[in-house]
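S.K.: Input file: target04.csv. Contents: CSV, C-alpha atoms and all ligand atoms.
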```
chain,number,residue,atom,x,y,z
A,12,MET,CA,106.1,83.3,144.1
A,13,THR,CA,107.4,86.6,145.5
A,14,ASN,CA,105.5,88.2,148.4
A,15,LEU,CA,104.6,91.9,148.5
A,16,SER,CA,105.2,93.5,151.9
A,17,VAL,CA,103.8,97.1,151.9
A,18,ASN,CA,105.9,99.6,153.8
A,19,ILE,CA,103.4,102.0,155.4
A,20,ASN,CA,105.8,104.6,156.6
A,21,LYS,CA,104.5,107.2,154.2
A,22,ILE,CA,100.9,106.8,155.5
A,23,ALA,CA,102.2,107.7,158.9
A,24,THR,CA,104.1,110.7,157.4
A,25,LEU,CA,100.9,112.1,156.1
A,26,ARG,CA,99.1,111.5,159.4
A,27,ASN,CA,102.0,113.2,161.3
A,28,ALA,CA,101.8,116.3,159.1
A,29,ARG,CA,98.9,117.4,161.3
A,30,GLY,CA,100.7,116.9,164.6
A,31,GLU,CA,98.5,114.8,166.9
A,32,GLY,CA,96.0,114.1,164.1
A,33,ALA,CA,94.9,110.6,163.3
A,34,VAL,CA,94.0,111.0,159.6
A,35,PRO,CA,94.7,108.9,157.7
A,36,ASN,CA,94.2,106.0,160.1
A,37,LEU,CA,97.3,103.9,159.9
A,38,LEU,CA,95.7,100.7,161.4
A,39,ASN,CA,92.8,100.8,159.0
A,40,PHE,CA,95.1,101.2,156.1
A,41,ALA,CA,97.3,98.2,157.3
A,42,THR,CA,94.2,96.0,157.6
A,43,ASN,CA,92.9,97.0,154.2
A,44,ILE,CA,96.2,96.5,152.5
A,45,GLU,CA,96.1,93.0,153.8
A,46,LYS,CA,92.6,92.5,152.6
A,47,TYR,CA,93.6,93.8,149.1
A,48,GLY,CA,96.1,90.9,148.9
A,49,ALA,CA,99.5,92.1,150.2
A,50,GLN,CA,101.3,89.3,152.0
A,51,GLY,CA,103.0,91.5,154.5
A,52,ILE,CA,103.2,94.9,156.3
A,53,THR,CA,106.6,96.6,156.8
A,54,VAL,CA,107.3,99.5,159.2
A,55,HIS,CA,110.6,101.3,159.8
A,56,PRO,CA,110.4,103.1,163.2
A,57,ARG,CA,113.2,105.6,163.5
A,58,PRO,CA,114.5,107.2,166.7
A,59,ASP,CA,112.9,110.6,165.8
A,60,GLU,CA,109.5,108.8,165.1
A,61,ARG,CA,109.0,111.1,162.2
A,62,HIS,CA,106.7,108.6,160.5
A,63,ILE,CA,106.1,105.3,162.3
A,64,THR,CA,106.0,105.7,166.1
A,65,TYR,CA,107.0,103.0,168.5
A,66,GLN,CA,103.4,103.0,169.7
A,67,ASP,CA,102.3,102.3,166.1
A,68,VAL,CA,104.4,99.2,166.1
A,69,LEU,CA,102.8,98.0,169.3
A,70,ASP,CA,99.3,98.8,168.0
A,71,LEU,CA,99.8,97.1,164.7
A,72,LYS,CA,101.0,93.7,166.1
A,73,PRO,CA,97.6,92.4,167.4
A,74,ILE,CA,95.6,93.4,164.3
A,75,LEU,CA,97.9,92.1,161.5
A,76,LYS,CA,97.1,88.8,160.0
A,77,THR,CA,100.0,88.6,157.5
A,78,GLU,CA,103.8,88.8,157.9
A,79,PHE,CA,104.9,91.7,160.1
A,80,ASN,CA,108.4,93.0,159.1
A,81,ILE,CA,110.1,95.6,161.3
A,82,GLU,CA,113.1,97.4,159.9
A,83,GLY,CA,115.6,99.4,161.8
A,84,ASN,CA,119.0,100.0,163.2
A,85,PRO,CA,119.8,97.6,166.1
A,86,SER,CA,122.5,100.0,167.4
A,87,GLU,CA,119.5,101.6,169.2
A,88,GLN,CA,118.7,99.6,172.4
A,89,LYS,CA,115.1,101.0,172.1
A,90,PHE,CA,114.8,99.3,168.7
A,91,ILE,CA,116.0,96.0,170.0
A,92,ASP,CA,113.6,96.2,173.0
A,93,LEU,CA,110.7,97.0,170.8
A,94,VAL,CA,111.3,94.1,168.4
A,95,LEU,CA,111.8,91.6,171.3
A,96,LYS,CA,108.6,92.8,172.8
A,97,VAL,CA,106.5,92.7,169.6
A,98,VAL,CA,108.0,89.5,168.2
A,99,PRO,CA,107.2,90.1,164.5
A,100,GLU,CA,107.7,87.4,161.9
A,101,GLN,CA,110.7,89.2,160.6
A,102,VAL,CA,113.2,91.9,161.6
A,103,THR,CA,115.3,93.6,158.9
A,104,LEU,CA,118.5,95.1,160.2
A,105,VAL,CA,119.4,98.4,158.5
A,106,PRO,CA,122.5,100.5,159.2
A,107,ASP,CA,120.8,103.9,158.9
A,108,VAL,CA,122.0,106.7,161.1
A,109,GLU,CA,119.8,109.1,163.1
A,110,GLY,CA,118.2,111.8,161.0
A,111,GLN,CA,118.9,110.0,157.7
A,112,LEU,CA,116.3,110.8,155.0
A,113,THR,CA,116.0,107.2,154.0
A,114,SER,CA,118.2,104.1,154.0
A,115,ASN,CA,121.1,104.7,151.6
A,116,HIS,CA,123.5,101.7,152.1
A,117,GLY,CA,123.7,98.2,153.3
A,118,TRP,CA,125.7,96.7,156.1
A,119,ASP,CA,129.4,96.0,155.8
A,120,THR,CA,128.8,92.5,157.2
A,121,ILE,CA,132.5,91.8,157.4
A,122,LYS,CA,133.5,94.9,159.5
A,123,ASN,CA,130.4,94.5,161.7
A,124,LYS,CA,130.6,90.8,162.1
A,125,GLU,CA,130.8,90.7,165.9
A,126,PHE,CA,128.0,93.2,166.4
A,127,LEU,CA,125.7,91.5,163.9
A,128,THR,CA,126.4,88.0,165.1
A,129,LYS,CA,125.5,89.0,168.7
A,130,THR,CA,122.4,91.0,167.7
A,131,ILE,CA,121.0,88.4,165.2
A,132,ALA,CA,121.3,85.7,168.0
A,133,LEU,CA,119.1,87.8,170.3
A,134,PHE,CA,116.3,87.9,167.7
A,135,LYS,CA,116.6,84.3,166.6
A,136,GLU,CA,116.4,83.1,170.2
A,137,LYS,CA,112.8,84.6,170.2
A,138,GLY,CA,112.0,82.8,166.9
A,139,ILE,CA,112.1,86.0,164.8
A,140,ARG,CA,113.5,85.6,161.3
A,141,VAL,CA,116.4,87.9,160.6
A,142,SER,CA,117.1,89.7,157.3
A,143,VAL,CA,120.2,91.8,156.8
A,144,PHE,CA,120.1,94.8,154.4
A,145,VAL,CA,123.1,94.6,152.1
A,146,ASP,CA,124.4,96.1,148.9
A,147,ALA,CA,124.5,93.9,145.8
A,148,LYS,CA,127.9,92.4,146.6
A,149,PRO,CA,128.5,88.7,147.0
A,150,GLU,CA,131.0,89.2,149.8
A,151,MET,CA,128.4,91.0,151.9
A,152,VAL,CA,126.0,88.1,151.5
A,153,ILE,CA,128.7,85.7,152.6
A,154,GLY,CA,129.3,87.9,155.6
A,155,ALA,CA,125.6,87.9,156.5
A,156,LYS,CA,125.5,84.2,156.4
A,157,GLU,CA,128.5,84.0,158.7
A,158,CYS,CA,126.7,86.3,161.2
A,159,GLY,CA,123.8,83.8,161.4
A,160,SER,CA,121.3,85.7,159.3
A,161,ASP,CA,118.3,83.8,157.6
A,162,ARG,CA,117.9,86.3,154.8
A,163,VAL,CA,119.4,89.3,153.1
A,164,GLU,CA,117.5,92.2,151.7
A,165,LEU,CA,119.2,93.5,148.6
A,166,TYR,CA,119.3,97.3,148.5
A,167,THR,CA,117.8,98.0,145.1
A,168,GLU,CA,118.4,101.8,144.8
A,169,SER,CA,121.2,101.4,142.2
A,170,TYR,CA,119.1,99.0,140.1
A,171,ALA,CA,116.2,101.4,140.2
A,172,ALA,CA,118.4,104.4,139.3
A,173,ASN,CA,119.9,102.7,136.3
A,174,TYR,CA,117.0,100.6,135.1
A,175,ASN,CA,115.9,103.1,132.4
A,176,ILE,CA,119.5,103.6,131.2
A,177,ASP,CA,120.6,100.0,130.9
A,178,LYS,CA,118.5,97.4,132.7
A,179,GLU,CA,120.7,94.5,131.9
A,180,LYS,CA,123.7,96.2,133.4
A,181,ALA,CA,121.7,97.4,136.3
A,182,ILE,CA,120.5,93.9,137.2
A,183,THR,CA,123.8,92.1,136.8
A,184,PRO,CA,125.3,92.6,140.3
A,185,PHE,CA,121.9,91.6,141.8
A,186,ILE,CA,121.9,88.4,139.8
A,187,LEU,CA,125.4,87.5,140.9
A,188,THR,CA,124.7,88.4,144.5
A,189,ALA,CA,121.4,86.5,144.6
A,190,GLU,CA,123.1,83.4,143.1
A,191,LYS,CA,125.7,83.5,145.9
A,192,ALA,CA,122.9,83.8,148.5
A,193,LEU,CA,121.1,80.8,147.2
A,194,GLU,CA,124.3,78.8,146.9
A,195,ILE,CA,125.1,79.3,150.6
A,196,GLY,CA,121.5,78.8,151.8
A,197,LEU,CA,120.3,82.4,152.4
A,198,GLU,CA,116.9,83.5,151.4
A,199,ILE,CA,116.5,86.8,149.4
A,200,ASN,CA,114.3,89.9,149.9
A,201,ALA,CA,114.7,93.2,148.1
A,202,GLY,CA,113.7,96.8,148.5
A,203,HIS,CA,114.2,100.5,147.8
A,204,ASP,CA,112.8,102.5,144.9
A,205,LEU,CA,111.1,99.5,143.4
A,206,ASP,CA,108.0,100.6,141.4
A,207,LEU,CA,105.5,99.7,138.7
A,208,ASN,CA,108.1,100.4,136.1
A,209,ASN,CA,111.1,98.3,137.3
A,210,LEU,CA,109.5,95.6,139.5
A,211,ARG,CA,108.5,92.9,137.0
A,212,TYR,CA,112.0,92.7,135.4
A,213,PHE,CA,113.7,92.5,138.8
A,214,ASN,CA,111.3,89.7,139.9
A,215,GLN,CA,111.9,87.8,136.6
A,216,LYS,CA,115.6,88.0,136.8
A,217,ILE,CA,116.2,87.3,140.5
A,218,LYS,CA,115.6,83.6,141.0
A,219,GLY,CA,114.4,82.6,144.5
A,220,LEU,CA,113.3,86.2,145.4
A,221,LYS,CA,111.0,85.7,148.5
A,222,GLU,CA,109.8,89.2,149.2
A,223,VAL,CA,109.9,92.8,148.1
A,224,SER,CA,109.1,95.6,150.5
A,225,ILE,CA,107.8,98.7,148.8
A,226,GLY,CA,106.7,102.0,150.3
A,227,HIS,CA,107.3,105.3,148.6
A,228,ALA,CA,106.2,104.6,145.0
A,229,LEU,CA,103.3,102.4,146.1
A,230,VAL,CA,101.8,105.0,148.4
A,231,ALA,CA,102.4,107.7,145.7
A,232,ASP,CA,100.6,105.5,143.1
A,233,ALA,CA,97.7,105.0,145.6
A,234,LEU,CA,97.1,108.7,145.4
A,235,HIS,CA,96.3,108.2,141.7
A,236,PHE,CA,94.7,104.8,141.6
A,237,GLY,CA,93.4,104.2,145.1
A,238,MET,CA,95.1,101.7,147.5
A,239,GLU,CA,93.1,98.7,146.4
A,240,ASN,CA,93.9,99.1,142.7
A,241,THR,CA,97.5,99.9,143.5
A,242,VAL,CA,98.1,96.8,145.6
A,243,GLN,CA,96.6,94.7,142.8
A,244,LEU,CA,98.8,96.4,140.2
A,245,TYR,CA,101.9,95.6,142.2
A,246,LEU,CA,100.8,92.0,142.8
A,247,ARG,CA,100.3,91.6,139.1
A,248,GLU,CA,103.9,92.6,138.5
A,249,LEU,CA,105.0,89.8,140.8
A,250,LEU,CA,103.1,87.0,139.0
B,1,LIG,N1,113.8,98.5,152.5
B,1,LIG,C1,114.4,99.3,153.4
B,1,LIG,C2,115.5,98.7,154.3
B,1,LIG,C3,114.1,100.6,153.6
B,1,LIG,O1,114.7,101.4,154.5
B,1,LIG,C4,113.0,101.1,152.8
B,1,LIG,C5,112.6,102.5,153.0
B,1,LIG,O2,112.1,102.7,154.3
B,1,LIG,C6,112.4,100.2,151.8
B,1,LIG,C7,112.9,98.9,151.7
B,1,LIG,C8,111.3,100.7,150.9
B,1,LIG,O3,111.8,101.6,150.0
B,1,LIG,P1,110.8,102.5,149.2
B,1,LIG,O4,110.1,103.4,150.2
B,1,LIG,O5,111.7,103.3,148.3
B,1,LIG,O6,109.9,101.6,148.5
```
Now, as a test, write the supplied structure out as structure tokens.
M.R.:
Amino acid sequence: MTNLSVNINKIATLRNARGEGAVPNLLNFATNIEKYGAQGITVHPRPDERHITYQDVLDLKPILKTEFNIEGNPSEQKFIDLVLKVVPEQVTLVPDVEGQLTSNHGWDTIKNKEFLTKTIALFKEKGIRVSVFVDAKPEMVIGAKECGSDRVELYTESYAANYNIDKEKAITPFILTAEKALEIGLEINAGHDLDLNNLRYFNQKIKGLKEVSIGHALVADALHFGMENTVQLYLRELL
């Protein structure tokens, strides 16, 4: 079974649109999303705090009952300190640069081997599972394993972009990369641009997929269908 971790960044974006305002209430949404059946909550605090703030992460930790996944770039000492303080179930390391609109590539786990190895060890010492965000390339998965990672998160933007053109071609590199991950003992997550249109096929084709983290499309769908229905709709795609 594949778990759904809901990325709640966009709820914070809406809240922040009114400066200091507290509507919608991020913590209530997180609790409700769990009640509606999601198996995890994901946040991606960025240095400019344009959606999730560092304080949000601290406030979420004591109220969450499911898996807490914090994504971000560990080149920022502030990010490392936050994760070590909060001790979530999982940290996902993402190589995004400051001011970037959204994550747009995975790690080069070969070039960054020394840095990743050192950083992953810090988190694992605290008992935090580590997932490394990678493009669908078997050599990047092998690199992640050599750095000591527990999981990889496959960056699914190219799959989503090509799904409606040729879904078999779009999924092929993901199948090959996932097979390599399983072969060398790495667990598999996936995320980016997954939605109600492309999720079921991805989940059917990627054997051993543990978790998808979905934000943008899910929160947009919730504007139409309501959050409770929307979480149910996504869970149904993962059956
Ligand atoms: N995974 C990572 C590493 C991300 O940075 C994001 C976006 O914050 C997601 C998954 C979720 O992507 P989307 O918002 O397109 O569902």
S.K.: Return as JSON lines the residues of chain A lying at most 6 Å from ligand LIG 1 (chain B), together with the closest atom-to-atom pair for each and the distance in Å to one decimal, counting only C-alpha atoms and all ligand atoms, with rows in chain order and ascending residue number.
M.R.:
```
{"residue": "A:His55", "atom": "CA", "partner": "B:LIG1", "partner_atom": "O2", "distance": 5.9}
{"residue": "A:Val105", "atom": "CA", "partner": "B:LIG1", "partner_atom": "C2", "distance": 5.7}
{"residue": "A:Thr113", "atom": "CA", "partner": "B:LIG1", "partner_atom": "C5", "distance": 5.9}
{"residue": "A:Ser114", "atom": "CA", "partner": "B:LIG1", "partner_atom": "O1", "distance": 4.4}
{"residue": "A:Gly202", "atom": "CA", "partner": "B:LIG1", "partner_atom": "C7", "distance": 3.9}
{"residue": "A:His203", "atom": "CA", "partner": "B:LIG1", "partner_atom": "O3", "distance": 3.4}
{"residue": "A:Asp204", "atom": "CA", "partner": "B:LIG1", "partner_atom": "O5", "distance": 3.7}
{"residue": "A:Leu205", "atom": "CA", "partner": "B:LIG1", "partner_atom": "O6", "distance": 5.6}
{"residue": "A:Ser224", "atom": "CA", "partner": "B:LIG1", "partner_atom": "C7", "distance": 5.2}
{"residue": "A:Ile225", "atom": "CA", "partner": "B:LIG1", "partner_atom": "O6", "distance": 3.6}
{"residue": "A:Gly226", "atom": "CA", "partner": "B:LIG1", "partner_atom": "O4", "distance": 3.7}
{"residue": "A:His227", "atom": "CA", "partner": "B:LIG1", "partner_atom": "O4", "distance": 3.7}
{"residue": "A:Ala228", "atom": "CA", "partner": "B:LIG1", "partner_atom": "O6", "distance": 5.9}
```
S.K.: Please list as a PyMOL selection string every residue within 8 Å of A:Val230, counting all atoms listed in the file and excluding residues in the same chain fewer than 4 positions away.
M.R.: chain A and resi 19+21-22+226+234+238
S.K.: Go ahead and compute the interatomic distance for atom CA of A:Ile199 and atom CA of A:Gly237, in Å to one decimal.
M.R.: 29.2 Å
S.K.: Between A:Thr42, A:Gln215, A:Gln66, A:Asn209, which residue has the minimum interatomic distance to A:Ile176, considering all atoms listed in the file?
M.R.: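 Smallest distance to A:Ile176 is found for A:Asn209.
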S.K.: Provide the atom CA of A:Tyr47 to atom CA of A:Thr103 distance in Å, to one decimal place.
M.R.: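 Answer for the atom CA of A:Tyr47 to atom CA of A:Thr103 separation: 23.8 Å.
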S.K.: Using atom CA of A:Thr24 and atom CA of A:Asp70 as the two end points, give the distance in Å to one decimal.
M.R.: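 Between these atoms lies a distance of 16.6 Å.
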S.K.: If we count all atoms listed in the file and set the cut-off at 10 Å, which residues sit around A:Val152, ignoring sequence neighbours fewer than 5 positions away in its own chain? Please answer as a ChimeraX atom specification.
M.R.: /A:118-121,143-147,157-158,160,162-165,188-189,191-193,195,197,199
S.K.: Please dump the current selection as a tab-separated table (two decimals), in the coordinates of the input; keep C-alpha atoms.
M.R.:
```tsv
chain	number	residue	atom	x	y	z
A	118	TRP	CA	125.70	96.70	156.10
A	119	ASP	CA	129.40	96.00	155.80
A	120	THR	CA	128.80	92.50	157.20
A	121	ILE	CA	132.50	91.80	157.40
A	143	VAL	CA	120.20	91.80	156.80
A	144	PHE	CA	120.10	94.80	154.40
A	145	VAL	CA	123.10	94.60	152.10
A	146	ASP	CA	124.40	96.10	148.90
A	147	ALA	CA	124.50	93.90	145.80
A	157	GLU	CA	128.50	84.00	158.70
A	158	CYS	CA	126.70	86.30	161.20
A	160	SER	CA	121.30	85.70	159.30
A	162	ARG	CA	117.90	86.30	154.80
A	163	VAL	CA	119.40	89.30	153.10
A	164	GLU	CA	117.50	92.20	151.70
A	165	LEU	CA	119.20	93.50	148.60
A	188	THR	CA	124.70	88.40	144.50
A	189	ALA	CA	121.40	86.50	144.60
A	191	LYS	CA	125.70	83.50	145.90
A	192	ALA	CA	122.90	83.80	148.50
A	193	LEU	CA	121.10	80.80	147.20
A	195	ILE	CA	125.10	79.30	150.60
A	197	LEU	CA	120.30	82.40	152.40
A	199	ILE	CA	116.50	86.80	149.40
```
S.K.: With all heavy atoms as the target, complete stretch 15-26 of chain A and hand it back as an mmCIF file, in the frame of the given file.
M.R.:
```cif
data_model
loop_
_atom_site.group_PDB
_atom_site.id
_atom_site.type_symbol
_atom_site.label_atom_id
_atom_site.label_comp_id
_atom_site.auth_asym_id
_atom_site.auth_seq_id
_atom_site.Cartn_x
_atom_site.Cartn_y
_atom_site.Cartn_z
ATOM 1 N N LEU A 15 104.605 90.403 148.458
ATOM 2 C CA LEU A 15 104.600 91.900 148.500
ATOM 3 C C LEU A 15 104.402 92.280 149.983
ATOM 4 O O LEU A 15 103.346 91.988 150.557
ATOM 5 C CB LEU A 15 103.542 92.468 147.647
ATOM 6 C CG LEU A 15 103.333 93.981 147.794
ATOM 7 C CD1 LEU A 15 104.556 94.763 147.303
ATOM 8 C CD2 LEU A 15 102.077 94.426 147.025
ATOM 9 N N SER A 16 105.391 92.958 150.561
ATOM 10 C CA SER A 16 105.200 93.500 151.900
ATOM 11 C C SER A 16 105.130 95.060 151.674
ATOM 12 O O SER A 16 106.058 95.664 151.127
ATOM 13 C CB SER A 16 106.382 93.189 152.798
ATOM 14 O OG SER A 16 106.137 93.684 154.103
ATOM 15 N N VAL A 17 104.032 95.644 152.091
ATOM 16 C CA VAL A 17 103.800 97.100 151.900
ATOM 17 C C VAL A 17 104.394 97.857 153.053
ATOM 18 O O VAL A 17 103.987 97.631 154.203
ATOM 19 C CB VAL A 17 102.353 97.418 151.624
ATOM 20 C CG1 VAL A 17 102.164 98.933 151.506
ATOM 21 C CG2 VAL A 17 101.845 96.715 150.363
ATOM 22 N N ASN A 18 105.318 98.754 152.748
ATOM 23 C CA ASN A 18 105.900 99.600 153.800
ATOM 24 C C ASN A 18 104.951 100.820 153.960
ATOM 25 O O ASN A 18 104.717 101.592 153.019
ATOM 26 C CB ASN A 18 107.285 100.067 153.298
ATOM 27 C CG ASN A 18 107.963 100.995 154.283
ATOM 28 O OD1 ASN A 18 107.338 101.859 154.875
ATOM 29 N ND2 ASN A 18 109.268 100.825 154.446
ATOM 30 N N ILE A 19 104.410 100.952 155.173
ATOM 31 C CA ILE A 19 103.400 102.000 155.400
ATOM 32 C C ILE A 19 103.913 103.235 156.089
ATOM 33 O O ILE A 19 103.141 104.054 156.603
ATOM 34 C CB ILE A 19 102.175 101.377 156.199
ATOM 35 C CG1 ILE A 19 102.627 100.776 157.539
ATOM 36 C CG2 ILE A 19 101.453 100.311 155.366
ATOM 37 C CD1 ILE A 19 101.447 100.331 158.443
ATOM 38 N N ASN A 20 105.228 103.409 156.049
ATOM 39 C CA ASN A 20 105.800 104.600 156.600
ATOM 40 C C ASN A 20 105.162 105.910 156.137
ATOM 41 O O ASN A 20 104.909 106.841 156.888
ATOM 42 C CB ASN A 20 107.305 104.752 156.258
ATOM 43 C CG ASN A 20 108.189 103.789 157.006
ATOM 44 O OD1 ASN A 20 107.733 103.018 157.815
ATOM 45 N ND2 ASN A 20 109.475 103.845 156.696
ATOM 46 N N LYS A 21 104.950 105.974 154.819
ATOM 47 C CA LYS A 21 104.500 107.200 154.200
ATOM 48 C C LYS A 21 103.051 107.567 154.612
ATOM 49 O O LYS A 21 102.651 108.730 154.576
ATOM 50 C CB LYS A 21 104.644 107.196 152.689
ATOM 51 C CG LYS A 21 106.095 107.227 152.236
ATOM 52 C CD LYS A 21 106.721 108.609 152.389
ATOM 53 C CE LYS A 21 108.216 108.615 152.607
ATOM 54 N NZ LYS A 21 109.050 107.956 151.642
ATOM 55 N N ILE A 22 102.293 106.551 154.976
ATOM 56 C CA ILE A 22 100.900 106.800 155.500
ATOM 57 C C ILE A 22 101.040 107.504 156.834
ATOM 58 O O ILE A 22 100.319 108.457 157.126
ATOM 59 C CB ILE A 22 100.121 105.502 155.530
ATOM 60 C CG1 ILE A 22 99.995 104.936 154.106
ATOM 61 C CG2 ILE A 22 98.744 105.728 156.152
ATOM 62 C CD1 ILE A 22 99.411 103.546 154.024
ATOM 63 N N ALA A 23 102.005 107.050 157.621
ATOM 64 C CA ALA A 23 102.200 107.700 158.900
ATOM 65 C C ALA A 23 102.788 109.114 158.734
ATOM 66 O O ALA A 23 102.451 110.021 159.503
ATOM 67 C CB ALA A 23 103.206 106.851 159.750
ATOM 68 N N THR A 24 103.603 109.311 157.694
ATOM 69 C CA THR A 24 104.100 110.700 157.400
ATOM 70 C C THR A 24 102.997 111.638 157.190
ATOM 71 O O THR A 24 102.987 112.757 157.710
ATOM 72 C CB THR A 24 105.061 110.645 156.187
ATOM 73 O OG1 THR A 24 106.077 109.678 156.390
ATOM 74 C CG2 THR A 24 105.689 111.998 155.927
ATOM 75 N N LEU A 25 102.033 111.206 156.402
ATOM 76 C CA LEU A 25 100.900 112.100 156.100
ATOM 77 C C LEU A 25 100.077 112.339 157.360
ATOM 78 O O LEU A 25 99.718 113.487 157.643
ATOM 79 C CB LEU A 25 100.022 111.347 155.029
ATOM 80 C CG LEU A 25 98.820 112.089 154.469
ATOM 81 C CD1 LEU A 25 99.217 113.423 153.865
ATOM 82 C CD2 LEU A 25 98.124 111.220 153.414
ATOM 83 N N ARG A 26 99.855 111.315 158.124
ATOM 84 C CA ARG A 26 99.100 111.500 159.400
ATOM 85 C C ARG A 26 99.854 112.481 160.299
ATOM 86 O O ARG A 26 99.244 113.401 160.862
ATOM 87 C CB ARG A 26 98.983 110.147 160.104
ATOM 88 C CG ARG A 26 98.334 110.250 161.475
ATOM 89 C CD ARG A 26 98.648 109.049 162.340
ATOM 90 N NE ARG A 26 100.085 108.893 162.548
ATOM 91 C CZ ARG A 26 100.661 107.816 163.059
ATOM 92 N NH1 ARG A 26 99.909 106.783 163.387
ATOM 93 N NH2 ARG A 26 101.975 107.759 163.220
#
```
